[in-house]
>>> print(open('my_file-v4.cif').read())   # mmCIF, C-alpha atoms
data_data
loop_
_atom_site.label_atom_id
_atom_site.label_comp_id
_atom_site.auth_asym_id
_atom_site.auth_seq_id
_atom_site.Cartn_x
_atom_site.Cartn_y
_atom_site.Cartn_z
CA MET A 1 -3.92 -2.56 -5.47
CA SER A 2 -3.14 -0.74 -2.23
CA GLU A 3 -4.34 -2.05 1.11
CA PRO A 4 -7.48 -0.58 2.75
CA ARG A 5 -6.86 2.95 3.98
CA SER A 6 -9.03 2.61 7.10
CA LEU A 7 -6.17 1.28 9.23
CA SER A 8 -5.46 3.60 12.13
CA SER A 9 -3.49 3.72 15.33
CA ARG A 10 -4.50 4.84 18.77
CA PHE A 11 -3.14 8.30 17.84
CA GLY A 12 -5.70 8.68 15.06
CA LEU A 13 -3.15 8.26 12.28
CA VAL A 14 -3.63 6.42 9.01
CA ARG A 15 -0.84 4.17 7.81
CA MET A 16 0.83 5.91 4.90
CA ALA A 17 0.17 3.25 2.29
CA PRO A 18 0.46 4.21 -1.38
CA ARG A 19 -2.58 5.55 -3.20
CA ASP A 20 -3.92 3.64 -6.18
CA PRO A 21 -2.58 5.37 -9.36
CA ALA A 22 -5.74 4.25 -11.17
CA GLU A 23 -8.10 5.51 -8.44
CA PRO A 24 -11.28 6.84 -10.11
CA HIS A 25 -12.50 10.40 -9.60
CA ARG A 26 -9.20 11.52 -8.04
CA THR A 27 -9.23 15.30 -7.77
CA ALA A 28 -7.33 17.99 -5.90
CA SER A 29 -8.16 18.04 -2.20
CA GLY A 30 -9.19 21.06 -0.17
CA LEU A 31 -5.80 20.95 1.58
CA GLU A 32 -3.97 21.04 -1.75
CA LEU A 33 -5.98 24.05 -2.89
CA PHE A 34 -5.29 25.77 0.44
CA PHE A 35 -1.60 24.94 -0.01
CA ASP A 36 -1.61 26.59 -3.43
CA LEU A 37 -2.99 29.85 -2.03
CA VAL A 38 0.13 30.34 0.07
CA PHE A 39 2.29 29.96 -3.00
CA VAL A 40 0.24 32.63 -4.77
CA VAL A 41 1.66 35.10 -2.25
CA ALA A 42 5.24 34.00 -2.90
CA VAL A 43 4.84 34.14 -6.69
CA SER A 44 3.15 37.55 -6.51
CA ILE A 45 5.99 39.03 -4.46
CA ALA A 46 8.66 37.54 -6.73
CA SER A 47 6.88 38.84 -9.84
CA GLY A 48 6.47 42.26 -8.24
CA SER A 49 10.17 42.49 -7.48
CA LEU A 50 10.99 41.40 -11.05
CA HIS A 51 8.77 44.23 -12.30
CA HIS A 52 10.75 46.79 -10.29
CA PHE A 53 14.09 45.42 -11.52
CA GLU A 54 12.96 45.52 -15.13
CA ALA A 55 11.46 49.00 -14.84
CA ASP A 56 14.78 50.24 -13.42
CA GLY A 57 16.66 48.75 -16.37
CA GLU A 58 18.36 45.98 -14.37
CA ILE A 59 17.07 43.23 -16.66
CA VAL A 60 19.83 40.63 -16.37
CA SER A 61 20.22 40.98 -12.61
CA GLY A 62 16.48 41.00 -12.03
CA VAL A 63 15.79 37.95 -14.17
CA GLY A 64 18.64 36.04 -12.50
CA GLN A 65 17.39 36.80 -9.00
CA TYR A 66 13.81 36.05 -10.02
CA LEU A 67 14.74 32.65 -11.43
CA ALA A 68 16.61 31.79 -8.23
CA VAL A 69 13.72 32.72 -5.92
CA PHE A 70 11.21 31.11 -8.25
CA PHE A 71 13.21 27.88 -8.16
CA ALA A 72 12.68 27.66 -4.39
CA ILE A 73 8.94 28.29 -4.81
CA TRP A 74 8.48 25.89 -7.72
CA TRP A 75 10.60 23.07 -6.34
CA ALA A 76 8.90 23.01 -2.95
CA TRP A 77 5.46 23.15 -4.57
CA MET A 78 6.29 20.40 -7.05
CA ASN A 79 7.74 18.02 -4.46
CA PHE A 80 4.67 18.33 -2.26
CA THR A 81 2.37 17.85 -5.27
CA TRP A 82 3.99 14.61 -6.39
CA PHE A 83 4.21 13.25 -2.85
CA ALA A 84 0.56 14.05 -2.17
CA SER A 85 -0.45 12.28 -5.36
CA ALA A 86 1.21 9.09 -4.13
CA PHE A 87 0.79 9.08 -0.33
CA ASP A 88 -1.86 11.57 0.83
CA THR A 89 -3.49 10.13 3.97
CA ASP A 90 -5.34 13.31 5.02
CA ASP A 91 -4.96 12.47 8.70
CA TRP A 92 -4.18 15.14 11.29
CA LEU A 93 -0.39 14.67 11.19
CA TYR A 94 -0.32 14.89 7.40
CA ARG A 95 -2.34 18.10 7.58
CA VAL A 96 -0.15 19.63 10.29
CA THR A 97 3.03 18.76 8.39
CA THR A 98 1.58 20.33 5.27
CA ILE A 99 0.69 23.49 7.19
CA VAL A 100 4.31 23.64 8.42
CA GLN A 101 5.38 23.55 4.77
CA MET A 102 2.96 26.41 4.11
CA ALA A 103 4.56 28.37 6.94
CA GLY A 104 7.93 27.84 5.30
CA ALA A 105 6.47 29.10 2.01
CA LEU A 106 5.32 32.30 3.76
CA VAL A 107 8.86 32.81 5.08
CA VAL A 108 10.14 32.37 1.52
CA ALA A 109 7.58 34.94 0.38
CA ALA A 110 8.75 37.35 3.07
CA GLY A 111 12.35 36.85 1.97
CA ALA A 112 11.72 37.16 -1.77
CA LYS A 113 12.02 40.94 -1.89
CA PRO A 114 15.28 41.27 0.12
CA ALA A 115 16.72 38.32 -1.82
CA MET A 116 15.99 39.89 -5.19
CA GLU A 117 16.75 43.49 -4.31
CA HIS A 118 19.72 43.08 -1.95
CA GLY A 119 20.98 39.55 -2.55
CA ASP A 120 20.06 38.60 1.02
CA PHE A 121 18.81 35.01 0.77
CA GLY A 122 18.65 34.45 4.52
CA LEU A 123 14.85 34.26 4.87
CA VAL A 124 14.49 32.39 1.60
CA VAL A 125 16.94 29.71 2.76
CA ILE A 126 15.31 29.44 6.19
CA GLY A 127 11.81 29.13 4.74
CA TYR A 128 12.99 26.72 2.07
CA VAL A 129 14.75 24.47 4.57
CA VAL A 130 11.64 24.44 6.76
CA MET A 131 9.54 23.30 3.79
CA ARG A 132 12.02 20.66 2.73
CA LEU A 133 12.64 19.20 6.18
CA ALA A 134 8.88 18.95 6.69
CA MET A 135 8.89 16.98 3.44
CA VAL A 136 11.55 14.68 4.93
CA THR A 137 9.19 13.75 7.77
CA GLN A 138 6.54 12.86 5.19
CA TRP A 139 8.97 10.57 3.37
CA LEU A 140 9.94 8.89 6.64
CA ARG A 141 6.27 8.20 7.31
CA ALA A 142 5.97 6.74 3.82
CA ALA A 143 9.01 4.55 4.46
CA ALA A 144 7.41 3.23 7.64
CA GLY A 145 3.97 2.71 6.13
CA SER A 146 4.85 1.35 2.70
CA PRO A 147 7.44 -1.48 2.75
CA GLU A 148 7.35 -1.80 -1.04
CA HIS A 149 8.43 1.84 -1.39
CA ARG A 150 10.73 2.01 1.64
CA ALA A 151 13.98 2.16 -0.34
CA THR A 152 12.68 4.99 -2.50
CA ALA A 153 11.28 6.93 0.45
CA LEU A 154 14.53 6.63 2.41
CA ARG A 155 16.51 7.83 -0.59
CA TYR A 156 14.27 10.87 -0.78
CA ALA A 157 14.59 11.55 2.96
CA SER A 158 18.37 11.21 3.06
CA GLY A 159 18.97 13.08 -0.20
CA ILE A 160 16.78 16.01 0.77
CA THR A 161 18.41 16.23 4.21
CA VAL A 162 21.94 16.33 2.82
CA VAL A 163 21.09 19.00 0.27
CA GLN A 164 19.40 21.17 2.92
CA ALA A 165 22.56 21.04 5.02
CA LEU A 166 24.51 22.20 1.97
CA TRP A 167 22.08 25.09 1.39
CA VAL A 168 22.65 26.28 4.95
CA LEU A 169 26.42 26.05 4.46
CA TRP A 170 26.15 27.97 1.16
CA TRP A 171 24.23 30.75 2.89
CA ALA A 172 26.41 30.83 6.02
CA ALA A 173 29.69 30.84 4.07
CA ASP A 174 28.65 34.03 2.26
CA VAL A 175 31.50 33.71 -0.25
CA GLU A 176 30.75 36.01 -3.17
CA ALA A 177 32.91 34.01 -5.59
CA LEU A 178 30.80 30.91 -4.92
CA TYR A 179 27.45 32.68 -4.90
CA TYR A 180 26.18 31.83 -8.37
CA VAL A 181 28.21 28.66 -8.89
CA GLY A 182 27.10 27.32 -5.50
CA PHE A 183 23.46 28.04 -6.24
CA VAL A 184 23.56 26.28 -9.60
CA VAL A 185 25.34 23.25 -8.13
CA LEU A 186 22.88 22.91 -5.26
CA ALA A 187 19.87 23.43 -7.53
CA ALA A 188 21.24 20.63 -9.72
CA ALA A 189 21.62 18.47 -6.62
CA GLU A 190 17.97 19.09 -5.74
CA LEU A 191 16.93 18.03 -9.24
CA ALA A 192 19.09 14.91 -9.00
CA VAL A 193 17.52 13.60 -5.76
CA PRO A 194 14.22 12.42 -7.34
CA VAL A 195 16.05 10.84 -10.28
CA TRP A 196 18.27 8.87 -7.87
CA ALA A 197 15.41 8.01 -5.50
CA GLU A 198 12.96 6.82 -8.15
CA ARG A 199 15.53 4.35 -9.51
CA ALA A 200 14.92 2.31 -6.37
CA GLY A 201 11.26 1.98 -7.37
CA LEU A 202 8.71 4.35 -8.88
CA THR A 203 6.24 6.02 -6.55
CA PRO A 204 2.58 5.56 -7.58
CA SER A 205 1.58 9.07 -8.66
CA HIS A 206 -1.85 9.50 -10.25
CA PRO A 207 -1.45 10.93 -13.82
CA HIS A 208 -4.84 12.67 -13.96
CA HIS A 209 -4.37 14.09 -10.47
CA ILE A 210 -0.90 15.41 -11.32
CA THR A 211 -2.00 17.12 -14.52
CA GLU A 212 -4.96 18.67 -12.71
CA ARG A 213 -2.65 20.05 -10.03
CA TYR A 214 -0.30 21.51 -12.62
CA GLY A 215 -3.23 22.98 -14.49
CA LEU A 216 -4.53 24.65 -11.34
CA PHE A 217 -1.14 26.20 -10.61
CA THR A 218 -0.99 27.47 -14.19
CA LEU A 219 -4.35 29.16 -13.66
CA ILE A 220 -3.02 30.82 -10.52
CA LEU A 221 -0.05 32.20 -12.42
CA LEU A 222 -2.17 33.42 -15.30
CA GLY A 223 -4.44 35.08 -12.77
CA GLU A 224 -1.52 37.36 -11.88
CA SER A 225 -1.41 38.55 -15.50
CA ILE A 226 -5.17 39.17 -15.52
CA LEU A 227 -4.67 41.38 -12.47
CA ALA A 228 -1.88 43.23 -14.29
CA SER A 229 -4.22 43.82 -17.25
CA ALA A 230 -6.86 45.13 -14.85
CA ASN A 231 -4.25 47.53 -13.47
CA ALA A 232 -3.81 48.88 -17.00
CA ILE A 233 -7.52 49.76 -17.10
CA ILE A 234 -7.26 51.40 -13.69
CA ASP A 235 -4.24 53.42 -14.82
CA ALA A 236 -6.11 54.36 -18.00
CA ILE A 237 -8.84 55.92 -15.90
CA ASP A 238 -6.21 57.91 -13.96
CA HIS A 239 -4.31 58.99 -17.11
CA ASP A 240 -6.91 60.23 -19.58
CA GLU A 241 -4.25 61.44 -22.00
CA LYS A 242 -2.98 57.87 -22.30
CA LEU A 243 -6.32 56.14 -22.45
CA ALA A 244 -5.91 54.42 -25.84
CA PRO A 245 -2.41 52.94 -25.26
CA LEU A 246 -3.33 51.63 -21.80
CA VAL A 247 -6.56 50.10 -23.03
CA THR A 248 -4.50 48.45 -25.78
CA ILE A 249 -2.20 46.96 -23.14
CA ALA A 250 -5.19 45.71 -21.17
CA VAL A 251 -6.88 44.12 -24.21
CA THR A 252 -3.72 42.57 -25.64
CA GLY A 253 -2.71 41.37 -22.18
CA LEU A 254 -6.06 39.62 -21.82
CA VAL A 255 -5.76 38.09 -25.31
CA LEU A 256 -2.25 36.81 -24.54
CA ALA A 257 -3.31 35.38 -21.16
CA ALA A 258 -6.37 33.73 -22.72
CA GLY A 259 -4.17 32.33 -25.47
CA MET A 260 -1.71 30.93 -22.96
CA TRP A 261 -4.59 29.24 -21.16
CA TRP A 262 -5.91 27.90 -24.47
CA VAL A 263 -2.52 26.50 -25.45
CA TYR A 264 -1.91 24.91 -22.06
CA PHE A 265 -5.24 23.09 -21.97
CA ALA A 266 -5.46 22.38 -25.71
CA ARG A 267 -4.66 18.69 -25.36
CA PRO A 268 -4.68 16.23 -22.42
CA GLN A 269 -1.24 15.82 -20.87
CA HIS A 270 -1.64 12.81 -18.59
CA GLU A 271 -0.41 10.42 -21.32
CA ARG A 272 3.04 11.97 -20.87
CA LEU A 273 3.31 10.43 -17.42
CA THR A 274 3.43 6.78 -18.45
CA THR A 275 7.24 6.47 -18.34
CA MET A 276 9.92 7.62 -15.92
CA ARG A 277 11.54 9.77 -18.60
CA GLY A 278 8.23 11.33 -19.59
CA THR A 279 7.37 12.00 -15.96
CA PHE A 280 10.60 13.83 -15.22
CA THR A 281 10.41 15.77 -18.47
CA PHE A 282 6.88 16.85 -17.60
CA GLY A 283 7.86 17.92 -14.11
CA TYR A 284 11.11 19.73 -14.92
CA VAL A 285 10.07 21.53 -18.13
CA HIS A 286 7.29 23.12 -16.12
CA TYR A 287 9.90 25.23 -14.34
CA VAL A 288 10.32 27.19 -17.58
CA ILE A 289 6.56 27.27 -18.18
CA PHE A 290 5.68 28.41 -14.67
CA ALA A 291 8.52 30.94 -14.42
CA ALA A 292 7.54 32.41 -17.79
CA ALA A 293 3.90 32.74 -16.69
CA GLY A 294 5.00 34.55 -13.53
CA ALA A 295 7.31 36.87 -15.50
CA PHE A 296 4.52 37.68 -17.97
CA SER A 297 2.55 39.57 -15.33
CA ALA A 298 5.66 41.60 -14.49
CA GLY A 299 6.03 42.42 -18.18
CA ILE A 300 2.48 43.77 -18.38
CA GLU A 301 3.29 46.09 -15.47
CA VAL A 302 6.47 47.25 -17.25
CA ALA A 303 4.42 48.00 -20.38
CA ILE A 304 2.13 50.16 -18.27
CA ASP A 305 5.14 51.97 -16.76
CA HIS A 306 6.53 52.63 -20.24
CA ASP A 307 3.32 54.14 -21.57
CA THR A 308 2.88 56.31 -18.46
CA HIS A 309 6.55 57.43 -18.56
CA GLN A 310 7.43 55.80 -15.26
CA THR A 311 10.47 54.04 -16.74
CA ASP A 312 13.30 55.04 -19.08
CA LEU A 313 13.46 51.63 -20.75
CA ASP A 314 13.77 51.50 -24.53
CA ALA A 315 10.45 50.58 -26.16
CA ALA A 316 11.80 47.28 -27.53
CA VAL A 317 13.25 46.24 -24.17
CA ALA A 318 10.02 47.15 -22.37
CA ALA A 319 7.99 45.14 -24.86
CA ALA A 320 10.37 42.16 -24.58
CA THR A 321 9.64 41.84 -20.85
CA THR A 322 6.13 40.80 -21.95
CA THR A 323 6.63 39.05 -25.29
CA VAL A 324 9.64 36.88 -24.39
CA PRO A 325 7.95 35.19 -21.37
CA VAL A 326 4.85 34.53 -23.48
CA ALA A 327 7.00 32.98 -26.22
CA LEU A 328 8.82 30.77 -23.70
CA PHE A 329 5.49 29.65 -22.25
CA VAL A 330 3.90 28.61 -25.55
CA LEU A 331 7.09 27.00 -26.88
CA GLY A 332 7.50 25.13 -23.59
CA ILE A 333 3.98 23.70 -23.88
CA TRP A 334 4.58 22.83 -27.53
CA PHE A 335 7.75 20.93 -26.63
CA LEU A 336 6.13 19.18 -23.70
CA ALA A 337 2.66 18.26 -24.90
CA LEU A 338 1.91 19.26 -28.48
CA ARG A 339 4.78 18.49 -30.88
CA ASP A 340 4.01 14.78 -31.11
CA LEU A 341 0.31 15.41 -31.67
CA LEU A 342 0.38 18.05 -34.42
CA PRO A 343 1.01 17.47 -38.13
CA ARG A 344 4.33 18.67 -39.53
CA TRP A 345 2.94 21.86 -41.06
CA ALA A 346 1.25 22.78 -37.77
CA ASN A 347 4.46 22.21 -35.80
CA ILE A 348 6.40 24.47 -38.16
CA ALA A 349 3.75 27.17 -38.02
CA PHE A 350 3.39 26.89 -34.25
CA VAL A 351 7.11 27.29 -33.59
CA ALA A 352 7.41 30.14 -36.10
CA LEU A 353 4.52 31.99 -34.47
CA GLY A 354 5.93 31.32 -30.99
CA VAL A 355 9.30 32.76 -31.98
CA GLY A 356 7.44 35.61 -33.68
CA ILE A 357 5.72 36.48 -30.42
CA GLY A 358 9.08 36.95 -28.73
CA ALA A 359 10.58 38.82 -31.70
CA SER A 360 7.58 41.15 -32.00
CA ALA A 361 9.24 43.35 -29.36
CA LEU A 362 11.65 44.53 -32.07
CA GLY A 363 8.92 46.12 -34.18
CA PRO A 364 6.09 48.63 -33.78
CA PHE A 365 2.80 47.71 -32.13
CA SER A 366 4.58 44.77 -30.48
CA LEU A 367 1.80 43.66 -28.13
CA VAL A 368 -0.79 43.86 -30.90
CA VAL A 369 1.42 41.75 -33.18
CA ALA A 370 2.05 39.28 -30.34
CA ALA A 371 -1.69 39.01 -29.66
CA ALA A 372 -2.38 38.40 -33.37
CA ALA A 373 0.26 35.65 -33.43
CA MET A 374 -1.31 34.09 -30.35
CA ILE A 375 -4.72 34.07 -32.03
CA ALA A 376 -3.14 32.34 -35.03
CA ILE A 377 -1.68 29.67 -32.73
CA VAL A 378 -5.09 29.04 -31.21
CA VAL A 379 -6.62 28.73 -34.69
CA ILE A 380 -3.98 26.11 -35.59
CA LEU A 381 -4.79 24.12 -32.45
CA GLU A 382 -8.51 24.19 -33.21
CA VAL A 383 -8.10 23.33 -36.89
CA THR A 384 -6.00 20.28 -35.97
CA ARG A 385 -8.13 19.24 -33.00
CA THR A 386 -10.23 16.63 -34.81
CA ARG A 387 -7.09 14.99 -36.16
CA THR A 388 -5.18 14.87 -32.87
CA HIS A 389 -7.98 14.56 -30.33
CA PRO A 390 -11.26 13.11 -31.60
#
>>> encode(input="my_file-v4.cif", output="structure tokens")
Amino acid sequence: MSEPRSLSSRFGLVRMAPRDPAEPHRTASGLELFFDLVFVVAVSIASGSLHHFEADGEIVSGVGQYLAVFFAIWWAWMNFTWFASAFDTDDWLYRVTTIVQMAGALVVAAGAKPAMEHGDFGLVVIGYVVMRLAMVTQWLRAAAGSPEHRATALRYASGITVVQALWVLWWAADVEALYYVGFVVLAAAELAVPVWAERAGLTPSHPHHITERYGLFTLILLGESILASANAIIDAIDHDEKLAPLVTIAVTGLVLAAGMWWVYFARPQHERLTTMRGTFTFGYVHYVIFAAAGAFSAGIEVAIDHDTHQTDLDAAVAAATTTVPVALFVLGIWFLALRDLLPRWANIAFVALGVGIGASALGPFSLVVAAAAMIAIVVILEVTRTRTHP
């Protein structure tokens, strides 16, 4: 049980003692929801740039740049989310430090387009370092306020600081031969810091709070796809000769987005956070899930471009920009939260249908087939609900 949180200093600060991981009625705070809104901007810009790359036929390059920029967005969001679950004091310094992180996220958002279109990661690195160094100050406060977690907090602070210095060197060196290799190595170093730090002692994150936060971010990402589907309706009004195909894109896009929501929230996920391995698996697999959700909205836009003759992409390639992200999303959720809860036949059917969603791009009426497969997945989840979740 943590100590009373009413302790304060003459500066109006609350000692950063750990939150109780069993605290009842723990929900996302207003500050956390405000924080998420800033990341909506960054995700929207990254998805928009991916759309332009894909529409121009630069699929491999666009996806690679998108994944790099999205890593910066996702990793900064995730680190704040887990820290806030364990040490949120909601005093004025905590709020100001969080707002500084939001400012860094806006810089990342501003740099997303030049990073993806011209390979200029200057603003992304600057914004990212601002976010991460602000996180270092939070960990130092936690080290000072929570003796039982001091070793862990100091590992976080020192590890993050070292990696940020290496990011700046990577950007400043501007060596083309080390561009991709350097990014992968430093991204791996970022991922390694929490694993190393938590071995000194686990931080007391709140399982229900964490899964709520992840669920809210998923809703934000799916909201981008709903907007893309709405754009299909708008384009349909402006292109009467293409009314039926664009309405089909809008309807199937909505069905796929609704299915993704259904799959994500089909079963509670907080039980996955009872072990260190389960916790890291939950956190890291969500990179694929979140990135796929963001790419899905770009794919809907590409489908609109294809049907209005604004891109020269082959029909199968254009469809794949939508169906492959959806497949990755549903298979990611299956791997993370559903495979141990479904009977064997349901697991086989689920995976087959998930793969079928991605492969539907190779045939006619791809989005309709993908939507039908998604409906079948939802039916499987509902049929097995009483067995897996009374």
>>> residues_near_point(input="my_file-v4.cif", point="(12.0, 5.7, 8.3)", cutoff="12 Å", atoms="all atoms listed in the file", output="PDB file with C-alpha atoms, in the frame of the given file")
ATOM      1  CA  MET A  16       0.830   5.910   4.900  1.00  0.00           C
ATOM      2  CA  VAL A 136      11.550  14.680   4.930  1.00  0.00           C
ATOM      3  CA  THR A 137       9.190  13.750   7.770  1.00  0.00           C
ATOM      4  CA  GLN A 138       6.540  12.860   5.190  1.00  0.00           C
ATOM      5  CA  TRP A 139       8.970  10.570   3.370  1.00  0.00           C
ATOM      6  CA  LEU A 140       9.940   8.890   6.640  1.00  0.00           C
ATOM      7  CA  ARG A 141       6.270   8.200   7.310  1.00  0.00           C
ATOM      8  CA  ALA A 142       5.970   6.740   3.820  1.00  0.00           C
ATOM      9  CA  ALA A 143       9.010   4.550   4.460  1.00  0.00           C
ATOM     10  CA  ALA A 144       7.410   3.230   7.640  1.00  0.00           C
ATOM     11  CA  GLY A 145       3.970   2.710   6.130  1.00  0.00           C
ATOM     12  CA  SER A 146       4.850   1.350   2.700  1.00  0.00           C
ATOM     13  CA  PRO A 147       7.440  -1.480   2.750  1.00  0.00           C
ATOM     14  CA  HIS A 149       8.430   1.840  -1.390  1.00  0.00           C
ATOM     15  CA  ARG A 150      10.730   2.010   1.640  1.00  0.00           C
ATOM     16  CA  ALA A 151      13.980   2.160  -0.340  1.00  0.00           C
ATOM     17  CA  THR A 152      12.680   4.990  -2.500  1.00  0.00           C
ATOM     18  CA  ALA A 153      11.280   6.930   0.450  1.00  0.00           C
ATOM     19  CA  LEU A 154      14.530   6.630   2.410  1.00  0.00           C
ATOM     20  CA  ARG A 155      16.510   7.830  -0.590  1.00  0.00           C
ATOM     21  CA  TYR A 156      14.270  10.870  -0.780  1.00  0.00           C
ATOM     22  CA  ALA A 157      14.590  11.550   2.960  1.00  0.00           C
ATOM     23  CA  SER A 158      18.370  11.210   3.060  1.00  0.00           C
TER      24      SER A 158
END
>>> closest_atom_pairs(input="my_file-v4.cif", of="segment 12-48 of chain A", to="segment 61-64 of chain A", cutoff="12 Å", atoms="all atoms listed in the file", output="Markdown table")
| residue | atom | partner | partner_atom | distance |
| --- | --- | --- | --- | --- |
| A:Ala46 | CA | A:Gly62 | CA | 10.1 |
| A:Ser47 | CA | A:Val63 | CA | 9.9 |
| A:Gly48 | CA | A:Gly62 | CA | 10.8 |
>>> atom_distance(input="my_file-v4.cif", atom1="atom CA of Ser360 of chain A", atom2="atom CA of Val263 of chain A")
19.0 Å
>>> resolve_selection(input="my_file-v4.cif", expression="the PyMOL selection byres ((chain A and resi 338) around 12)", output="MDAnalysis selection string")
chainID A and resid 263:269 271:272 330:337 339:344 346:348 350:351 377 380:381 384:385 388:389
>>> resolve_selection(input="my_file-v4.cif", expression="the PyMOL selection byres ((chain A and resi 191) around 12)", output="PyMOL selection string")
chain A and resi 71-72+74-76+78-79+156+159-160+163+184-190+192-198+280-281+283-285+287
>>> write_last_selection(input="my_file-v4.cif", atoms="C-alpha atoms", output="PDB file, keeping the file's coordinate frame")
ATOM      1  CA  PHE A  71      13.210  27.880  -8.160  1.00  0.00           C
ATOM      2  CA  ALA A  72      12.680  27.660  -4.390  1.00  0.00           C
ATOM      3  CA  TRP A  74       8.480  25.890  -7.720  1.00  0.00           C
ATOM      4  CA  TRP A  75      10.600  23.070  -6.340  1.00  0.00           C
ATOM      5  CA  ALA A  76       8.900  23.010  -2.950  1.00  0.00           C
ATOM      6  CA  MET A  78       6.290  20.400  -7.050  1.00  0.00           C
ATOM      7  CA  ASN A  79       7.740  18.020  -4.460  1.00  0.00           C
ATOM      8  CA  TYR A 156      14.270  10.870  -0.780  1.00  0.00           C
ATOM      9  CA  GLY A 159      18.970  13.080  -0.200  1.00  0.00           C
ATOM     10  CA  ILE A 160      16.780  16.010   0.770  1.00  0.00           C
ATOM     11  CA  VAL A 163      21.090  19.000   0.270  1.00  0.00           C
ATOM     12  CA  VAL A 184      23.560  26.280  -9.600  1.00  0.00           C
ATOM     13  CA  VAL A 185      25.340  23.250  -8.130  1.00  0.00           C
ATOM     14  CA  LEU A 186      22.880  22.910  -5.260  1.00  0.00           C
ATOM     15  CA  ALA A 187      19.870  23.430  -7.530  1.00  0.00           C
ATOM     16  CA  ALA A 188      21.240  20.630  -9.720  1.00  0.00           C
ATOM     17  CA  ALA A 189      21.620  18.470  -6.620  1.00  0.00           C
ATOM     18  CA  GLU A 190      17.970  19.090  -5.740  1.00  0.00           C
ATOM     19  CA  ALA A 192      19.090  14.910  -9.000  1.00  0.00           C
ATOM     20  CA  VAL A 193      17.520  13.600  -5.760  1.00  0.00           C
ATOM     21  CA  PRO A 194      14.220  12.420  -7.340  1.00  0.00           C
ATOM     22  CA  VAL A 195      16.050  10.840 -10.280  1.00  0.00           C
ATOM     23  CA  TRP A 196      18.270   8.870  -7.870  1.00  0.00           C
ATOM     24  CA  ALA A 197      15.410   8.010  -5.500  1.00  0.00           C
ATOM     25  CA  GLU A 198      12.960   6.820  -8.150  1.00  0.00           C
ATOM     26  CA  PHE A 280      10.600  13.830 -15.220  1.00  0.00           C
ATOM     27  CA  THR A 281      10.410  15.770 -18.470  1.00  0.00           C
ATOM     28  CA  GLY A 283       7.860  17.920 -14.110  1.00  0.00           C
ATOM     29  CA  TYR A 284      11.110  19.730 -14.920  1.00  0.00           C
ATOM     30  CA  VAL A 285      10.070  21.530 -18.130  1.00  0.00           C
ATOM     31  CA  TYR A 287       9.900  25.230 -14.340  1.00  0.00           C
TER      32      TYR A 287
END
>>> decode(input="my_file-v4.cif", residues="segment 371-382 of chain A", atoms="N, CA and C atoms", output="PDB file, in the first residue's frame")
ATOM      1  N   ALA A 371     -14.571  -7.340 -45.950  1.00  0.00           N
ATOM      2  CA  ALA A 371     -15.631  -7.003 -44.993  1.00  0.00           C
ATOM      3  C   ALA A 371     -16.420  -8.244 -44.595  1.00  0.00           C
ATOM      4  N   ALA A 372     -16.685  -9.142 -45.552  1.00  0.00           N
ATOM      5  CA  ALA A 372     -17.404 -10.381 -45.250  1.00  0.00           C
ATOM      6  C   ALA A 372     -16.591 -11.260 -44.298  1.00  0.00           C
ATOM      7  N   ALA A 373     -15.272 -11.323 -44.535  1.00  0.00           N
ATOM      8  CA  ALA A 373     -14.404 -12.102 -43.649  1.00  0.00           C
ATOM      9  C   ALA A 373     -14.384 -11.505 -42.249  1.00  0.00           C
ATOM     10  N   MET A 374     -14.411 -10.179 -42.174  1.00  0.00           N
ATOM     11  CA  MET A 374     -14.427  -9.518 -40.865  1.00  0.00           C
ATOM     12  C   MET A 374     -15.719  -9.834 -40.116  1.00  0.00           C
ATOM     13  N   ILE A 375     -16.835  -9.836 -40.832  1.00  0.00           N
ATOM     14  CA  ILE A 375     -18.110 -10.185 -40.202  1.00  0.00           C
ATOM     15  C   ILE A 375     -18.058 -11.614 -39.671  1.00  0.00           C
ATOM     16  N   ALA A 376     -17.444 -12.507 -40.427  1.00  0.00           N
ATOM     17  CA  ALA A 376     -17.315 -13.899 -39.986  1.00  0.00           C
ATOM     18  C   ALA A 376     -16.470 -14.001 -38.720  1.00  0.00           C
ATOM     19  N   ILE A 377     -15.419 -13.206 -38.631  1.00  0.00           N
ATOM     20  CA  ILE A 377     -14.588 -13.187 -37.420  1.00  0.00           C
ATOM     21  C   ILE A 377     -15.404 -12.736 -36.211  1.00  0.00           C
ATOM     22  N   VAL A 378     -16.197 -11.696 -36.409  1.00  0.00           N
ATOM     23  CA  VAL A 378     -17.032 -11.200 -35.310  1.00  0.00           C
ATOM     24  C   VAL A 378     -18.033 -12.269 -34.871  1.00  0.00           C
ATOM     25  N   VAL A 379     -18.609 -12.980 -35.829  1.00  0.00           N
ATOM     26  CA  VAL A 379     -19.556 -14.050 -35.492  1.00  0.00           C
ATOM     27  C   VAL A 379     -18.861 -15.119 -34.647  1.00  0.00           C
ATOM     28  N   ILE A 380     -17.627 -15.485 -35.012  1.00  0.00           N
ATOM     29  CA  ILE A 380     -16.871 -16.478 -34.240  1.00  0.00           C
ATOM     30  C   ILE A 380     -16.675 -15.997 -32.804  1.00  0.00           C
ATOM     31  N   LEU A 381     -16.307 -14.738 -32.648  1.00  0.00           N
ATOM     32  CA  LEU A 381     -16.083 -14.197 -31.306  1.00  0.00           C
ATOM     33  C   LEU A 381     -17.361 -14.206 -30.473  1.00  0.00           C
ATOM     34  N   GLU A 382     -18.485 -13.938 -31.098  1.00  0.00           N
ATOM     35  CA  GLU A 382     -19.750 -13.926 -30.362  1.00  0.00           C
ATOM     36  C   GLU A 382     -20.233 -15.335 -30.044  1.00  0.00           C
TER      37      GLU A 382
END
